[in-house]
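Structure, as structure tokens:
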Amino acid sequence: MGYRLNEGLLWATPLESSYGYARRLMVANPGLSLSNLRRALPNLPGTVNQCPVCADHLFHPSVYGLRCLTHCPLHHCKLQSSCPKCHNSWGRPFRSRTPVCDKCGVLPKADWGKTQIKCRDLRKLRWLTRWVARCEEQKSRCTYVSLWDIHGRVEARRGRQLPSFFEPDIENKYHMAFECQRAGGTNQDRLNRMHVVTHNRPLKSRTSELRSWPVLEEDSYLLRKNRDSQDSILRRTATEAEMITLITVALRRILRWQRDALGFEHRLVWSELRNMRPENLREGEPPCDLCMAFSFWFSLINAKFTNKWMDMDSEGAHELFRFANYRFQPNIPAGIFVEDRQSKAWRPSLHFERWLFLRASENAFAEYVSLANWLFAKTADKAVRYKATGYPGQVFQYGMYPSQILETQLEGSRLVARYWPDSPLIDIQFNQDARDRIRDCQGVDPSDWSFVGAVEADHHKCHQDQTRELLGCLMHPSRWLFGPWIECAHEGYLDRVSPLYDYEVLRSRNSFFSFLDDH
């Protein structure tokens, strides 16, 4: 005779998640074996964020799985991934034979009558659930597109790069903040009271006309015959001088931010840090936090746009990267395209690409500053030493900034991008130790083997010749600078063999209703 499953309807709530339903079954069926429980719950989630007070009420709503929700809207407790009583994950009782913890496992019978949730609290969560579902329904009516780096078509790169921008979706920390600002910020205060991550800056938008890329076959002869007519058929591709100018503008923006953030001038030095070990940072060797970030940033610029490819992200190639388990670098695209369902490519305007390059360069520099701060903090431990076998337990995790949200969609023949105008650099805060390191930083002597180049602190003195000199230190002929992109992009070169892994701006959008995963 089979076991009759008790549904535990005493604790049923209209907003509970699959985890809440699983715990309800576990409490209502204390004699149910673990194998039978697993058969009854085929879609049990692996990771769960839960409020400790809600756990005493056998309550776990679906919205607790949203990354934009940091605290419980009902009890104002921080959502945790593990039980504060037994310090195991909330899903541990479903993998253990005897769930002994009464907070995350089986609730004592004496507390069964104390699990009711107030109706006003359920109304709060019901409004939040409906609001998010309505936002997802509105998004499903739009046509969103992905932007691809032109390097993925022109030349296959061995390096691994992560997207610099993301579409706001339910897995994104700033998803609800973006949707709130799209609606004019009318629910900002209400979301704040419910501890939802918000951002009080209004959205901006940019529009760019899309043009076919590559050029049509009938135009190929005209392009070969008269390059001056290229503008009338397809907007021109950036030249080497224009790319040098664009990198110079990015440098000036970084220097202006540095002056405003520190309150004093600081010379940025580019050093070769590939062989620097963790204990070298603790012993006070150069560079400082900003010089380290600048070294990473300009090495990425070099690897991206010159023929000298530094395989910085391969395992063991860069000791500091290996220490931080930092395997994927940010992407800084200088040329992008959009691909439709018929595999036809379209290019936005040159102004749009320049704007995207500057935003991506600041995102990359902010990530490297965070990495440098993390390295100095972790290597301060005297037990940290060089290990040829690896560094277990050390993982650098880069947080997302609002400026990395970029929503792109098609409106006719135009590409529309919505974004927050703030730079990620303005969110960076230096503690006193970092300020002391930056203030005392003298850079490295030009005779030192690791010195590559430097940029003076005054952004007014940062010109194209200085940028060209930095790239010229690589001992490459000038004609090879940015060669792979320039030589092929104007021809509309489409290498179908090269994989499109280089730069995907928008991640695939998941359905909100499947994410809620109600039983």
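Residue numbers start at 1 in each chain; chains themselves are named A, B, ... in the order of the structure tokens; ligands are numbered from 1 in the order shown.
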Query raised in the report: Using only C-alpha atoms, which residues sit within 10 Å of A:Lys387 once same-chain residues fewer than 6 positions away are excluded, as a ChimeraX atom specification?
Result: /A:277-278,319,322-323
Query - All residues 12 Å or closer to A:Ile247, only C-alpha atoms, same chain fewer than 2 positions away omitted, as JSON, numbers by chain - result: {"A": [240, 241, 242, 243, 244, 245, 249, 250, 251, 252, 253, 254, 297, 298, 300, 301, 302, 304, 305, 332, 333, 334, 354, 355, 357, 358, 359, 360, 361, 362, 462, 463, 464, 465, 466, 467, 468, 470, 471, 482]}
Report summary line: Using only C-alpha atoms, the residue out of A:Ser82, A:Gln161, A:Thr408, A:Ser413 with shortest distance to A:Arg327 is A:Gln161
Query - Which of A:Ala345, A:Leu125, A:Ile426, A:Ala457 sits closest to A:Phe365 [using only C-alpha atoms] - result: A:Ile426
Requested in this report: Rank A:Gln116, A:Ala372, A:Lys124, A:Arg206 by their smallest atom-to-atom distance to A:Leu74, using only C-alpha atoms, and report the top residue only.
Outcome: A:Lys124
Query raised in the report: Between A:Gly105, A:Lys85, A:Gln394, A:Ser62, which has the minimum distance to A:Met26 (counting only C-alpha atoms)?
Result: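 Checking each of A:Gly105, A:Lys85, A:Gln394, A:Ser62 against A:Met26, counting only C-alpha atoms, the winner is A:Gly105.
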Report task. Run DSSP on the backbone and grab whatever in stretch 56-293 of chain A lands in helix (DSSP H, G or I); send it over as number ranges by chain. Result -> A: 56, 62-65, 92-94, 109-114, 119-139, 151-154, 175-182, 188-193, 217-225, 227-233, 240-262, 278-282, 289-293
Can you spit out the residues from that selection as a short mmCIF file (atom, residue, chain, number, x, y, z; two decimals), in the first residue's frame, using C-alpha atoms?
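Ended up saving to part.cif:
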```cif
data_model
loop_
_atom_site.label_atom_id
_atom_site.label_comp_id
_atom_site.auth_asym_id
_atom_site.auth_seq_id
_atom_site.Cartn_x
_atom_site.Cartn_y
_atom_site.Cartn_z
CA ASP A 56 9.77 30.17 11.32
CA SER A 62 8.79 33.47 -5.07
CA VAL A 63 9.97 37.08 -5.15
CA TYR A 64 12.71 36.25 -2.62
CA GLY A 65 14.59 34.78 -5.55
CA ARG A 92 20.29 21.07 3.20
CA PRO A 93 17.30 19.25 4.82
CA PHE A 94 16.28 17.97 1.39
CA LYS A 109 4.43 20.65 16.40
CA ALA A 110 4.12 23.22 19.19
CA ASP A 111 4.79 25.99 16.64
CA TRP A 112 2.31 24.84 14.00
CA GLY A 113 -0.31 27.36 15.03
CA LYS A 114 2.11 30.31 14.84
CA CYS A 119 -3.11 39.71 5.26
CA ARG A 120 -1.54 43.17 4.91
CA ASP A 121 1.87 41.58 4.47
CA LEU A 122 0.51 39.30 1.76
CA ARG A 123 -0.99 42.32 0.02
CA LYS A 124 2.48 43.92 -0.13
CA LEU A 125 4.02 40.87 -1.72
CA ARG A 126 1.06 40.42 -4.04
CA TRP A 127 1.53 43.97 -5.35
CA LEU A 128 5.25 43.39 -5.85
CA THR A 129 4.64 40.14 -7.74
CA ARG A 130 2.02 41.70 -10.01
CA TRP A 131 4.22 44.73 -10.68
CA VAL A 132 7.21 42.64 -11.78
CA ALA A 133 5.00 40.37 -13.88
CA ARG A 134 3.50 43.42 -15.62
CA CYS A 135 6.98 44.76 -16.41
CA GLU A 136 7.98 41.43 -17.93
CA GLU A 137 4.80 41.33 -19.99
CA GLN A 138 5.51 44.77 -21.41
CA LYS A 139 9.07 43.78 -22.27
CA HIS A 151 36.49 41.70 -33.86
CA GLY A 152 34.50 38.48 -33.64
CA ARG A 153 34.02 38.68 -37.42
CA VAL A 154 37.29 40.24 -38.51
CA HIS A 175 16.21 45.11 -12.98
CA MET A 176 13.36 46.63 -10.99
CA ALA A 177 15.14 49.96 -10.62
CA PHE A 178 15.44 50.19 -14.40
CA GLU A 179 11.78 49.29 -14.91
CA CYS A 180 10.76 51.84 -12.27
CA GLN A 181 12.65 54.64 -14.01
CA ARG A 182 11.17 53.58 -17.33
CA GLN A 188 10.44 54.60 -6.24
CA ASP A 189 9.45 55.29 -2.60
CA ARG A 190 7.29 52.20 -2.35
CA LEU A 191 10.06 49.97 -3.66
CA ASN A 192 12.51 51.57 -1.23
CA ARG A 193 10.26 50.71 1.69
CA GLU A 217 27.83 43.50 -54.35
CA GLU A 218 26.89 46.20 -56.86
CA ASP A 219 28.71 48.77 -54.72
CA SER A 220 31.97 46.83 -54.41
CA TYR A 221 33.42 48.08 -57.69
CA LEU A 222 32.57 51.68 -56.83
CA LEU A 223 34.27 51.34 -53.46
CA ARG A 224 37.41 49.91 -55.01
CA LYS A 225 37.47 52.59 -57.69
CA ARG A 227 37.31 55.35 -51.75
CA ASP A 228 36.03 58.90 -51.29
CA SER A 229 32.53 57.73 -52.23
CA GLN A 230 32.43 55.27 -49.34
CA ASP A 231 30.51 57.73 -47.15
CA SER A 232 27.65 57.79 -49.63
CA ILE A 233 27.26 54.01 -49.48
CA GLU A 240 44.27 54.75 -36.95
CA ALA A 241 44.38 58.45 -36.04
CA GLU A 242 40.75 58.42 -34.97
CA MET A 243 41.30 55.38 -32.76
CA ILE A 244 44.30 57.08 -31.15
CA THR A 245 42.11 60.11 -30.52
CA LEU A 246 39.38 57.95 -29.00
CA ILE A 247 41.81 56.28 -26.58
CA THR A 248 43.14 59.72 -25.67
CA VAL A 249 39.65 60.94 -24.84
CA ALA A 250 39.15 57.87 -22.62
CA LEU A 251 42.42 58.67 -20.85
CA ARG A 252 41.36 62.27 -20.24
CA ARG A 253 38.08 61.12 -18.69
CA ILE A 254 39.97 58.80 -16.34
CA LEU A 255 42.38 61.57 -15.37
CA ARG A 256 39.56 64.02 -14.64
CA TRP A 257 37.81 61.46 -12.46
CA GLN A 258 41.07 60.71 -10.66
CA ARG A 259 41.61 64.37 -9.82
CA ASP A 260 38.07 64.80 -8.51
CA ALA A 261 38.11 61.55 -6.51
CA LEU A 262 41.50 62.03 -4.87
CA PRO A 278 51.22 38.31 -4.23
CA GLU A 279 53.88 38.83 -1.56
CA ASN A 280 55.42 41.63 -3.66
CA LEU A 281 52.35 43.77 -3.03
CA ARG A 282 52.58 43.22 0.71
CA ASP A 289 46.06 50.82 -6.80
CA LEU A 290 45.52 53.27 -9.67
CA CYS A 291 48.77 52.45 -11.44
CA MET A 292 47.94 48.76 -11.21
CA ALA A 293 44.48 49.38 -12.67
#
```
Report task. Please measure the separation of atom CA of A:Cys54 and atom CA of A:Pro73, giving the value in Å to one decimal. Result -> 10.6 Å
Requested in this report: Could you check which of A:Asn331, A:Ser271, A:Thr198, A:Ser205 is closest to A:Trp148, using only C-alpha atoms?
Outcome: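 Looking only at the distances to A:Trp148, the closest residue turns out to be A:Asn331.
Going from atom CA of A:Ala380 to atom CA of A:Ser450 covers 22.7 Å.
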Query - Best match for closeness to A:Pro392 among A:Asn275, A:Asn325, A:Ser146, A:Asn187, counting only C-alpha atoms - result: A:Asn325
Report task. Write out as a ChimeraX atom specification the residues lying within 9 Å of A:Trp420, counting only C-alpha atoms and excluding same-chain residues fewer than 4 positions away. Result -> /A:178,201-205,402-406
